>>> print(open('work38.cif').read())   # mmCIF, C-alpha atoms
data_entry
loop_
_atom_site.group_PDB
_atom_site.id
_atom_site.type_symbol
_atom_site.label_atom_id
_atom_site.label_comp_id
_atom_site.auth_asym_id
_atom_site.auth_seq_id
_atom_site.Cartn_x
_atom_site.Cartn_y
_atom_site.Cartn_z
ATOM 1 C CA MET J 12 96.406 189.648 130.039
ATOM 2 C CA ARG J 13 95.832 188.879 133.633
ATOM 3 C CA ASP J 14 96.462 190.500 136.942
ATOM 4 C CA SER J 15 99.337 192.956 137.090
ATOM 5 C CA ILE J 16 99.927 193.479 133.395
ATOM 6 C CA PRO J 17 98.052 196.640 132.410
ATOM 7 C CA GLY J 18 96.322 197.197 129.108
ATOM 8 C CA SER J 19 95.571 194.756 126.354
ATOM 9 C CA GLY J 20 95.218 194.470 122.638
ATOM 10 C CA ASP J 21 91.623 194.793 121.570
ATOM 11 C CA ALA J 22 90.564 195.013 117.958
ATOM 12 C CA GLY J 23 86.869 195.743 117.581
ATOM 13 C CA GLU J 24 84.821 192.884 118.960
ATOM 14 C CA THR J 25 87.811 190.604 119.080
ATOM 15 C CA LYS J 26 89.018 190.185 122.624
ATOM 16 C CA VAL J 27 92.626 189.172 122.844
ATOM 17 C CA GLY J 28 94.026 189.006 126.330
ATOM 18 C CA GLY J 29 92.382 191.348 128.807
ATOM 19 C CA ASP J 30 92.440 191.603 132.550
ATOM 20 C CA ASP J 31 88.816 190.725 133.100
ATOM 21 C CA ALA J 32 87.091 187.412 133.537
ATOM 22 C CA LYS J 33 90.080 185.435 134.792
ATOM 23 C CA GLY J 34 89.431 181.791 134.173
ATOM 24 C CA ASP J 35 86.501 182.508 131.885
ATOM 25 C CA LEU J 36 88.077 182.082 128.493
ATOM 26 C CA SER J 37 84.777 182.414 126.698
ATOM 27 C CA LYS J 38 84.897 186.145 127.436
ATOM 28 C CA ARG J 39 88.444 186.548 126.179
ATOM 29 C CA CYS J 40 88.421 184.509 123.018
ATOM 30 C CA ASP J 41 88.711 185.558 119.461
ATOM 31 C CA ARG J 42 85.770 184.006 117.710
ATOM 32 C CA ASP J 43 86.359 185.573 114.335
ATOM 33 C CA ALA J 44 85.075 183.231 111.704
ATOM 34 C CA LYS J 45 88.249 182.394 109.768
ATOM 35 C CA PRO J 46 87.742 179.337 107.596
ATOM 36 C CA SER J 47 90.321 176.592 107.901
ATOM 37 C CA THR J 48 91.501 174.770 104.835
ATOM 38 C CA ALA J 49 90.564 171.433 106.384
ATOM 39 C CA ARG J 50 86.998 172.222 107.321
ATOM 40 C CA PRO J 51 86.034 175.569 105.861
ATOM 41 C CA GLU J 52 82.511 175.344 107.185
ATOM 42 C CA ARG J 53 83.665 175.688 110.801
ATOM 43 C CA PRO J 54 85.072 178.787 112.483
ATOM 44 C CA VAL J 55 88.610 178.794 113.856
ATOM 45 C CA ARG J 56 88.830 179.671 117.530
ATOM 46 C CA VAL J 57 91.894 181.550 118.750
ATOM 47 C CA PHE J 58 92.850 182.400 122.311
ATOM 48 C CA ILE J 59 95.838 184.669 123.050
ATOM 49 C CA ASP J 60 97.038 185.928 126.402
ATOM 50 C CA LEU J 61 99.992 187.451 128.241
ATOM 51 C CA THR J 62 100.228 186.860 131.968
ATOM 52 C CA ASN J 63 102.471 187.570 134.940
ATOM 53 C CA GLN J 64 101.275 184.377 136.601
ATOM 54 C CA SER J 65 102.131 180.707 136.142
ATOM 55 C CA ILE J 66 100.432 179.501 133.004
ATOM 56 C CA ASP J 67 97.336 177.496 133.838
ATOM 57 C CA LEU J 68 96.895 174.664 131.347
ATOM 58 C CA GLN J 69 93.387 173.636 132.269
ATOM 59 C CA PRO J 70 91.566 176.676 130.856
ATOM 60 C CA MET J 71 93.560 176.206 127.663
ATOM 61 C CA ARG J 72 92.535 172.550 127.494
ATOM 62 C CA ASP J 73 88.944 173.555 128.071
ATOM 63 C CA PHE J 74 89.201 176.121 125.298
ATOM 64 C CA LEU J 75 90.541 173.568 122.825
ATOM 65 C CA PHE J 76 87.750 171.102 123.588
ATOM 66 C CA ASP J 77 86.264 169.978 120.312
ATOM 67 C CA PRO J 78 84.734 166.520 119.931
ATOM 68 C CA ASP J 79 85.303 166.686 116.178
ATOM 69 C CA THR J 80 89.089 166.877 116.429
ATOM 70 C CA GLY J 81 91.268 163.816 116.807
ATOM 71 C CA ALA J 82 94.602 165.466 117.604
ATOM 72 C CA HIS J 83 95.510 167.939 120.329
ATOM 73 C CA ALA J 84 99.193 168.956 120.296
ATOM 74 C CA TRP J 85 101.009 170.961 122.925
ATOM 75 C CA PHE J 86 104.295 172.776 123.346
ATOM 76 C CA GLU J 87 105.655 174.150 126.614
ATOM 77 C CA GLY J 88 108.781 176.277 126.599
ATOM 78 C CA VAL J 89 110.356 176.202 130.068
ATOM 79 C CA THR J 90 113.268 177.919 131.755
ATOM 80 C CA ARG J 91 116.366 175.733 131.462
ATOM 81 C CA ARG J 92 118.914 175.738 134.273
ATOM 82 C CA THR J 93 122.021 175.282 132.154
ATOM 83 C CA THR J 94 123.245 176.998 129.000
ATOM 84 C CA GLY J 95 126.555 175.467 128.039
ATOM 85 C CA ASN J 96 128.486 175.517 131.276
ATOM 86 C CA ARG J 97 126.647 178.520 132.723
ATOM 87 C CA GLU J 98 123.958 178.178 135.328
ATOM 88 C CA THR J 99 120.810 180.222 134.936
ATOM 89 C CA LEU J 100 118.873 181.334 138.011
ATOM 90 C CA GLU J 101 115.802 182.590 136.194
ATOM 91 C CA LEU J 102 114.585 184.392 133.104
ATOM 92 C CA THR J 103 112.611 187.599 132.970
ATOM 93 C CA TYR J 104 110.466 188.535 130.003
ATOM 94 C CA GLU J 105 109.118 191.843 128.805
ATOM 95 C CA ALA J 106 106.945 192.692 125.838
ATOM 96 C CA PHE J 107 105.653 195.548 123.774
ATOM 97 C CA GLU J 108 102.329 194.233 124.922
ATOM 98 C CA PRO J 109 99.716 195.545 122.466
ATOM 99 C CA MET J 110 101.899 194.666 119.495
ATOM 100 C CA ALA J 111 102.786 191.265 120.975
ATOM 101 C CA LEU J 112 99.105 190.427 121.384
ATOM 102 C CA SER J 113 98.244 191.468 117.842
ATOM 103 C CA LYS J 114 101.236 189.629 116.348
ATOM 104 C CA LEU J 115 100.411 186.460 118.292
ATOM 105 C CA LYS J 116 96.829 186.642 117.034
ATOM 106 C CA GLU J 117 97.978 187.232 113.467
ATOM 107 C CA ILE J 118 100.407 184.300 113.598
ATOM 108 C CA ALA J 119 97.796 182.019 115.172
ATOM 109 C CA GLU J 120 95.294 182.829 112.443
ATOM 110 C CA ILE J 121 97.834 182.152 109.712
ATOM 111 C CA ALA J 122 98.712 178.833 111.373
ATOM 112 C CA ALA J 123 95.071 177.876 111.646
ATOM 113 C CA THR J 124 94.598 178.306 107.919
ATOM 114 C CA ARG J 125 97.948 176.837 106.935
ATOM 115 C CA PHE J 126 97.647 173.703 109.076
ATOM 116 C CA GLY J 127 93.897 173.219 109.175
ATOM 117 C CA LEU J 128 93.541 173.849 112.891
ATOM 118 C CA SER J 129 90.131 174.184 114.467
ATOM 119 C CA ALA J 130 91.388 175.920 117.623
ATOM 120 C CA ILE J 131 94.611 177.358 118.926
ATOM 121 C CA ALA J 132 95.611 178.806 122.295
ATOM 122 C CA ILE J 133 98.845 180.690 122.992
ATOM 123 C CA VAL J 134 99.789 182.068 126.403
ATOM 124 C CA HIS J 135 103.136 183.763 127.055
ATOM 125 C CA ARG J 136 104.310 184.580 130.542
ATOM 126 C CA LEU J 137 105.996 187.904 131.347
ATOM 127 C CA GLY J 138 108.113 188.963 134.296
ATOM 128 C CA ARG J 139 110.075 186.367 136.285
ATOM 129 C CA VAL J 140 109.970 182.776 135.089
ATOM 130 C CA PRO J 141 111.835 180.464 137.506
ATOM 131 C CA ILE J 142 113.707 177.331 136.466
ATOM 132 C CA ALA J 143 111.508 174.563 135.051
ATOM 133 C CA GLN J 144 108.432 176.791 134.775
ATOM 134 C CA ALA J 145 106.752 177.554 131.473
ATOM 135 C CA SER J 146 107.332 180.836 129.674
ATOM 136 C CA ILE J 147 105.067 179.859 126.790
ATOM 137 C CA VAL J 148 102.394 177.275 126.193
ATOM 138 C CA ILE J 149 100.847 176.579 122.821
ATOM 139 C CA GLY J 150 97.998 174.169 122.298
ATOM 140 C CA CYS J 151 96.257 173.443 119.037
ATOM 141 C CA CYS J 152 93.909 170.862 117.640
ATOM 142 C CA SER J 153 93.011 169.491 114.255
ATOM 143 C CA ALA J 154 90.960 166.682 112.815
ATOM 144 C CA HIS J 155 94.076 164.559 112.214
ATOM 145 C CA ARG J 156 97.515 164.613 113.826
ATOM 146 C CA THR J 157 99.560 165.926 110.914
ATOM 147 C CA GLY J 158 98.181 169.462 111.094
ATOM 148 C CA ALA J 159 98.450 169.966 114.839
ATOM 149 C CA LEU J 160 101.913 168.400 115.062
ATOM 150 C CA ALA J 161 103.296 170.401 112.142
ATOM 151 C CA ALA J 162 101.862 173.671 113.441
ATOM 152 C CA LEU J 163 103.886 173.741 116.654
ATOM 153 C CA PRO J 164 107.429 174.177 115.296
ATOM 154 C CA TRP J 165 106.177 176.651 112.694
ATOM 155 C CA LEU J 166 104.434 178.669 115.396
ATOM 156 C CA MET J 167 107.486 178.727 117.632
ATOM 157 C CA ASP J 168 109.731 179.834 114.766
ATOM 158 C CA GLU J 169 107.341 182.665 113.922
ATOM 159 C CA ILE J 170 106.957 183.738 117.549
ATOM 160 C CA LYS J 171 110.724 183.753 118.055
ATOM 161 C CA SER J 172 111.257 186.005 115.050
ATOM 162 C CA GLU J 173 108.189 188.254 114.852
ATOM 163 C CA VAL J 174 106.623 188.845 118.280
ATOM 164 C CA PRO J 175 108.074 191.730 120.324
ATOM 165 C CA ILE J 176 108.862 189.812 123.493
ATOM 166 C CA TRP J 177 112.348 189.761 125.002
ATOM 167 C CA LYS J 178 113.993 187.555 127.558
ATOM 168 C CA ARG J 179 116.734 188.455 129.985
ATOM 169 C CA GLU J 180 118.915 185.749 131.457
ATOM 170 C CA HIS J 181 119.960 186.010 135.095
ATOM 171 C CA PHE J 182 122.973 183.828 135.813
ATOM 172 C CA ALA J 183 124.108 182.263 139.056
ATOM 173 C CA ASP J 184 127.321 184.341 138.908
ATOM 174 C CA GLY J 185 125.244 187.516 139.199
ATOM 175 C CA GLN J 186 125.522 188.590 135.571
ATOM 176 C CA THR J 187 122.500 189.348 133.420
ATOM 177 C CA ARG J 188 122.088 189.738 129.694
ATOM 178 C CA TRP J 189 119.329 190.481 127.231
ATOM 179 C CA VAL J 190 118.932 187.786 124.619
ATOM 180 C CA HIS J 191 118.923 189.469 121.216
ATOM 181 C CA PRO J 192 119.549 186.834 118.544
ATOM 182 C CA GLN J 193 121.399 188.274 115.545
ATOM 183 C CA MET V 8 112.292 220.975 113.727
ATOM 184 C CA PRO V 9 109.746 218.148 114.119
ATOM 185 C CA ARG V 10 110.407 215.729 116.979
ATOM 186 C CA PHE V 11 109.727 212.018 116.690
ATOM 187 C CA GLU V 12 109.299 210.045 119.913
ATOM 188 C CA ILE V 13 110.335 206.402 119.676
ATOM 189 C CA LEU V 14 109.497 203.722 122.261
ATOM 190 C CA MET V 15 112.521 201.755 123.492
ATOM 191 C CA PHE V 16 112.599 198.175 124.751
ATOM 192 C CA ALA V 17 114.953 195.648 126.322
ATOM 193 C CA ALA V 18 118.663 196.292 125.676
ATOM 194 C CA ALA V 19 117.892 199.377 123.570
ATOM 195 C CA ARG V 20 116.023 200.925 126.495
ATOM 196 C CA ASP V 21 118.894 200.108 128.847
ATOM 197 C CA LEU V 22 121.426 201.660 126.480
ATOM 198 C CA VAL V 23 119.379 204.845 126.082
ATOM 199 C CA GLY V 24 118.487 204.965 129.766
ATOM 200 C CA SER V 25 114.855 205.730 129.020
ATOM 201 C CA ASP V 26 111.816 203.979 127.579
ATOM 202 C CA GLU V 27 111.465 206.737 125.012
ATOM 203 C CA LEU V 28 113.895 208.535 122.726
ATOM 204 C CA CYS V 29 113.189 211.911 121.084
ATOM 205 C CA VAL V 30 114.730 212.476 117.679
ATOM 206 C CA GLU V 31 114.587 215.703 115.735
ATOM 207 C CA ALA V 32 114.255 215.254 112.009
ATOM 208 C CA THR V 33 112.810 217.058 109.053
ATOM 209 C CA GLU V 34 109.823 215.714 107.159
ATOM 210 C CA PRO V 35 109.355 213.832 104.933
ATOM 211 C CA ILE V 36 111.481 211.086 106.407
ATOM 212 C CA THR V 37 111.616 207.356 105.786
ATOM 213 C CA ALA V 38 111.947 204.628 108.403
ATOM 214 C CA GLY V 39 115.516 203.965 107.284
ATOM 215 C CA GLU V 40 116.438 207.632 107.599
ATOM 216 C CA LEU V 41 114.868 207.796 111.056
ATOM 217 C CA LEU V 42 116.899 204.757 112.133
ATOM 218 C CA ARG V 43 120.033 206.630 111.062
ATOM 219 C CA ARG V 44 118.902 209.681 113.037
ATOM 220 C CA ILE V 45 118.323 207.420 116.049
ATOM 221 C CA GLY V 46 121.936 206.294 115.797
ATOM 222 C CA GLU V 47 123.159 209.892 115.565
ATOM 223 C CA THR V 48 121.040 210.893 118.560
ATOM 224 C CA ALA V 49 121.989 207.886 120.698
ATOM 225 C CA PRO V 50 125.372 206.566 119.483
ATOM 226 C CA GLY V 51 125.275 203.855 122.127
ATOM 227 C CA LEU V 52 122.635 202.126 120.001
ATOM 228 C CA LEU V 53 124.822 201.986 116.873
ATOM 229 C CA PRO V 54 126.156 198.433 117.398
ATOM 230 C CA MET V 55 122.660 196.952 117.667
ATOM 231 C CA LEU V 56 120.788 199.219 115.228
ATOM 232 C CA PRO V 57 121.435 197.095 112.103
ATOM 233 C CA ALA V 58 119.513 194.254 113.762
ATOM 234 C CA CYS V 59 116.625 196.447 114.940
ATOM 235 C CA ARG V 60 113.340 197.036 113.162
ATOM 236 C CA LEU V 61 111.015 199.995 113.327
ATOM 237 C CA ALA V 62 107.346 199.431 114.149
ATOM 238 C CA VAL V 63 104.768 202.021 113.159
ATOM 239 C CA ASP V 64 101.431 201.758 114.917
ATOM 240 C CA GLN V 65 102.468 198.250 116.004
ATOM 241 C CA SER V 66 103.392 196.944 112.552
ATOM 242 C CA PHE V 67 106.873 196.417 111.181
ATOM 243 C CA VAL V 68 107.683 198.714 108.253
ATOM 244 C CA PRO V 69 110.373 198.562 105.544
ATOM 245 C CA ASP V 70 113.182 201.113 105.378
ATOM 246 C CA ASP V 71 111.481 203.046 102.569
ATOM 247 C CA PHE V 72 108.258 203.504 104.542
ATOM 248 C CA CYS V 73 107.408 207.205 104.701
ATOM 249 C CA LEU V 74 106.754 208.398 108.260
ATOM 250 C CA ARG V 75 104.498 211.169 109.405
ATOM 251 C CA LEU V 76 104.192 212.869 112.761
ATOM 252 C CA GLY V 77 101.576 211.501 115.118
ATOM 253 C CA VAL V 78 102.109 207.792 114.506
ATOM 254 C CA GLU V 79 103.315 205.499 117.280
ATOM 255 C CA LEU V 80 106.949 204.566 116.730
ATOM 256 C CA ALA V 81 108.812 201.724 118.429
ATOM 257 C CA LEU V 82 112.366 200.479 118.017
ATOM 258 C CA ILE V 83 112.198 196.666 118.088
ATOM 259 C CA PRO V 84 115.493 194.931 118.935
ATOM 260 C CA PRO V 85 115.836 191.279 117.865
ATOM 261 C CA VAL V 86 113.101 189.421 119.727
ATOM 262 C CA SER V 87 113.589 186.426 121.995
ATOM 263 C CA GLY V 88 110.221 185.259 123.247
ATOM 264 C CA GLY V 89 109.289 181.669 123.771
#
>>> encode(input="work38.cif", output="structure tokens")
Amino acid sequence: MRDSIPGSGDAGETKVGGDDAKGDLSKRCDRDAKPSTARPERPVRVFIDLTNQSIDLQPMRDFLFDPDTGAHAWFEGVTRRTTGNRETLELTYEAFEPMALSKLKEIAEIAATRFGLSAIAIVHRLGRVPIAQASIVIGCCSAHRTGALAALPWLMDEIKSEVPIWKREHFADGQTRWVHPQ
Amino acid sequence: MPRFEILMFAAARDLVGSDELCVEATEPITAGELLRRIGETAPGLLPMLPACRLAVDQSFVPDDFCLRLGVELALIPPVSGG
């Protein structure tokens, strides 16, 4: 995590999130050697973070850099202004942060194996997320496009059902509501 | 009687009015039984409890999971990240 979000998930030598080394992903990356089904001889690289800031894509792109992959796929979830006929002013997100970090890491590692990814980066924003700004960015890469493209919807489905992060909608009419899908 | 402290988040925290709820319960107790005790202690949570999960030391557990004092407990309402 960066800046104002205190604490971070940290399992042994694996560094997931963390408020140090902003912009230096090499110090915050999980480099556990998890073999992918596509190329079991190469380690899977996973980067997970929670941040109160706008999500910076460039460090994520740098992290995914791999000259041996031919497909880099990205998903950005952004705050939408309209829901039905209601106007949203902004969303705010909160998380059970240590569990969210460990669940994101767990899901990323499963995806890497399942879809033959060589690297995956997931950053979720917390706090206020204004209209048209990203609340989540996922990037992943694989040797061929099928793996990376298929991983994104699976990842989003898993994140939306298993990671303890919650959004609150703030409407233009002054009302607010927690989003708790049933 | 042993007291279990449960972390509260999002709408559950707002309903309870605190980020932690203390529940008295006898041991041994399962996760499902503790969820019922949570509802008895904070009736305002009853409508959303069936959709909530219990996390023990940051992992979801089934209703028949046997709890012990000293673990970290969190009530996880339906999540909505992304």
>>> resolve_selection(input="work38.cif", expression="the PyMOL selection byres ((chain J) within 9 of (chain V))", output="number ranges by chain")
J: 87-89, 104-107, 109-111, 113-114, 135-136, 146-148, 167, 170-179, 188-193
>>> resolve_selection(input="work38.cif", expression="the PyMOL selection byres ((chain V and resi 33-48) around 8)", output="list in words")
Met8, Pro9, Val30, Glu31, Ala32, Ala49, Pro50, Gly51, Leu52, Leu53, Leu56, Leu61, Val68, Pro69, Asp70, Asp71, Phe72, Cys73, Leu74 and Arg75 of chain V
>>> closest_residue(input="work38.cif", among="J:Ile149, J:Leu100, J:Leu166, J:Leu112", to="Glu180 of chain J", atoms="only C-alpha atoms")
J:Leu100
>>> residues_near_point(input="work38.cif", point="(95.4, 177.4, 131.5)", cutoff="10 Å", atoms="only C-alpha atoms", output="tab-separated table (two decimals) with C-alpha atoms, keeping the file's coordinate frame")
chain	number	residue	atom	x	y	z
J	34	GLY	CA	89.43	181.79	134.17
J	36	LEU	CA	88.08	182.08	128.49
J	65	SER	CA	102.13	180.71	136.14
J	66	ILE	CA	100.43	179.50	133.00
J	67	ASP	CA	97.34	177.50	133.84
J	68	LEU	CA	96.90	174.66	131.35
J	69	GLN	CA	93.39	173.64	132.27
J	70	PRO	CA	91.57	176.68	130.86
J	71	MET	CA	93.56	176.21	127.66
J	72	ARG	CA	92.54	172.55	127.49
J	73	ASP	CA	88.94	173.56	128.07
J	74	PHE	CA	89.20	176.12	125.30
J	132	ALA	CA	95.61	178.81	122.30
J	133	ILE	CA	98.84	180.69	122.99
J	134	VAL	CA	99.79	182.07	126.40
J	148	VAL	CA	102.39	177.28	126.19
>>> resolve_selection(input="work38.cif", expression="the PyMOL selection byres ((chain V and resi 27) around 7)", output="list in words")
Glu12, Ile13, Leu14, Met15, Ser25, Asp26, Leu28 and Cys29 of chain V
>>> atom_distance(input="work38.cif", atom1="atom CA of Glu169 of chain J", atom2="atom CA of Ser129 of chain J")
19.2 Å
>>> decode(input="work38.cif", residues="segment 63-87 of chain V", atoms="N, CA, C and O atoms", output="CSV table (one decimal), in the first residue's frame")
chain,number,residue,atom,x,y,z
V,63,VAL,N,-11.7,-16.1,9.9
V,63,VAL,CA,-10.8,-16.4,11.1
V,63,VAL,C,-9.4,-16.3,10.6
V,63,VAL,O,-8.9,-16.9,9.7
V,64,ASP,N,-8.7,-15.4,11.3
V,64,ASP,CA,-7.3,-15.1,10.9
V,64,ASP,C,-7.2,-14.9,9.4
V,64,ASP,O,-6.3,-15.4,8.7
V,65,GLN,N,-8.1,-14.1,8.9
V,65,GLN,CA,-8.1,-13.6,7.5
V,65,GLN,C,-8.4,-14.7,6.5
V,65,GLN,O,-8.0,-14.6,5.3
V,66,SER,N,-9.1,-15.8,6.9
V,66,SER,CA,-9.5,-16.8,6.0
V,66,SER,C,-11.0,-17.1,6.2
V,66,SER,O,-11.4,-17.2,7.4
V,67,PHE,N,-11.8,-17.2,5.2
V,67,PHE,CA,-13.2,-17.6,5.3
V,67,PHE,C,-13.3,-19.0,5.9
V,67,PHE,O,-12.5,-19.9,5.6
V,68,VAL,N,-14.2,-19.2,6.8
V,68,VAL,CA,-14.4,-20.5,7.4
V,68,VAL,C,-15.9,-21.0,7.2
V,68,VAL,O,-16.8,-20.1,7.2
V,69,PRO,N,-16.1,-22.3,7.2
V,69,PRO,CA,-17.5,-22.8,7.1
V,69,PRO,C,-18.2,-22.7,8.4
V,69,PRO,O,-17.5,-22.5,9.5
V,70,ASP,N,-19.5,-22.9,8.4
V,70,ASP,CA,-20.3,-22.7,9.6
V,70,ASP,C,-19.9,-23.7,10.7
V,70,ASP,O,-20.1,-23.5,11.9
V,71,ASP,N,-19.4,-24.9,10.3
V,71,ASP,CA,-19.0,-25.9,11.3
V,71,ASP,C,-17.6,-25.8,11.8
V,71,ASP,O,-17.1,-26.6,12.6
V,72,PHE,N,-16.9,-24.7,11.4
V,72,PHE,CA,-15.6,-24.5,11.9
V,72,PHE,C,-15.6,-24.2,13.4
V,72,PHE,O,-16.3,-23.3,13.9
V,73,CYS,N,-14.7,-24.9,14.2
V,73,CYS,CA,-14.7,-24.7,15.6
V,73,CYS,C,-13.8,-23.6,16.0
V,73,CYS,O,-12.6,-23.6,15.6
V,74,LEU,N,-14.3,-22.6,16.7
V,74,LEU,CA,-13.6,-21.4,17.1
V,74,LEU,C,-12.9,-21.6,18.4
V,74,LEU,O,-13.4,-22.3,19.3
V,75,ARG,N,-11.8,-20.9,18.6
V,75,ARG,CA,-11.2,-20.8,19.9
V,75,ARG,C,-10.8,-19.4,20.2
V,75,ARG,O,-10.7,-18.5,19.3
V,76,LEU,N,-10.7,-19.1,21.5
V,76,LEU,CA,-10.4,-17.7,21.9
V,76,LEU,C,-9.0,-17.3,21.4
V,76,LEU,O,-8.1,-18.2,21.3
V,77,GLY,N,-8.8,-16.1,21.1
V,77,GLY,CA,-7.4,-15.6,20.7
V,77,GLY,C,-7.2,-15.5,19.2
V,77,GLY,O,-6.3,-14.9,18.7
V,78,VAL,N,-8.2,-16.0,18.4
V,78,VAL,CA,-8.0,-15.9,16.9
V,78,VAL,C,-8.6,-14.5,16.5
V,78,VAL,O,-9.4,-13.9,17.3
V,79,GLU,N,-8.2,-14.0,15.4
V,79,GLU,CA,-8.8,-12.8,14.9
V,79,GLU,C,-10.1,-13.1,14.1
V,79,GLU,O,-10.1,-13.9,13.2
V,80,LEU,N,-11.2,-12.5,14.5
V,80,LEU,CA,-12.5,-12.7,13.9
V,80,LEU,C,-12.9,-11.5,13.2
V,80,LEU,O,-12.8,-10.4,13.7
V,81,ALA,N,-13.5,-11.7,12.0
V,81,ALA,CA,-14.1,-10.6,11.2
V,81,ALA,C,-15.4,-11.0,10.6
V,81,ALA,O,-15.5,-12.1,10.0
V,82,LEU,N,-16.4,-10.1,10.7
V,82,LEU,CA,-17.6,-10.3,10.0
V,82,LEU,C,-17.5,-9.7,8.6
V,82,LEU,O,-17.3,-8.5,8.5
V,83,ILE,N,-17.6,-10.5,7.5
V,83,ILE,CA,-17.4,-10.0,6.2
V,83,ILE,C,-18.8,-9.9,5.4
V,83,ILE,O,-19.3,-10.9,5.0
V,84,PRO,N,-19.3,-8.7,5.3
V,84,PRO,CA,-20.5,-8.5,4.5
V,84,PRO,C,-20.2,-8.8,3.0
V,84,PRO,O,-19.1,-8.9,2.7
V,85,PRO,N,-21.3,-9.0,2.2
V,85,PRO,CA,-21.0,-9.3,0.8
V,85,PRO,C,-20.1,-8.2,0.2
V,85,PRO,O,-20.3,-7.0,0.5
V,86,VAL,N,-19.1,-8.6,-0.5
V,86,VAL,CA,-18.0,-7.7,-0.9
V,86,VAL,C,-18.4,-7.0,-2.3
V,86,VAL,O,-19.2,-7.6,-3.0
V,87,SER,N,-17.8,-5.9,-2.5
V,87,SER,CA,-18.2,-5.2,-3.7
V,87,SER,C,-17.0,-4.4,-4.3
V,87,SER,O,-17.1,-3.2,-4.7
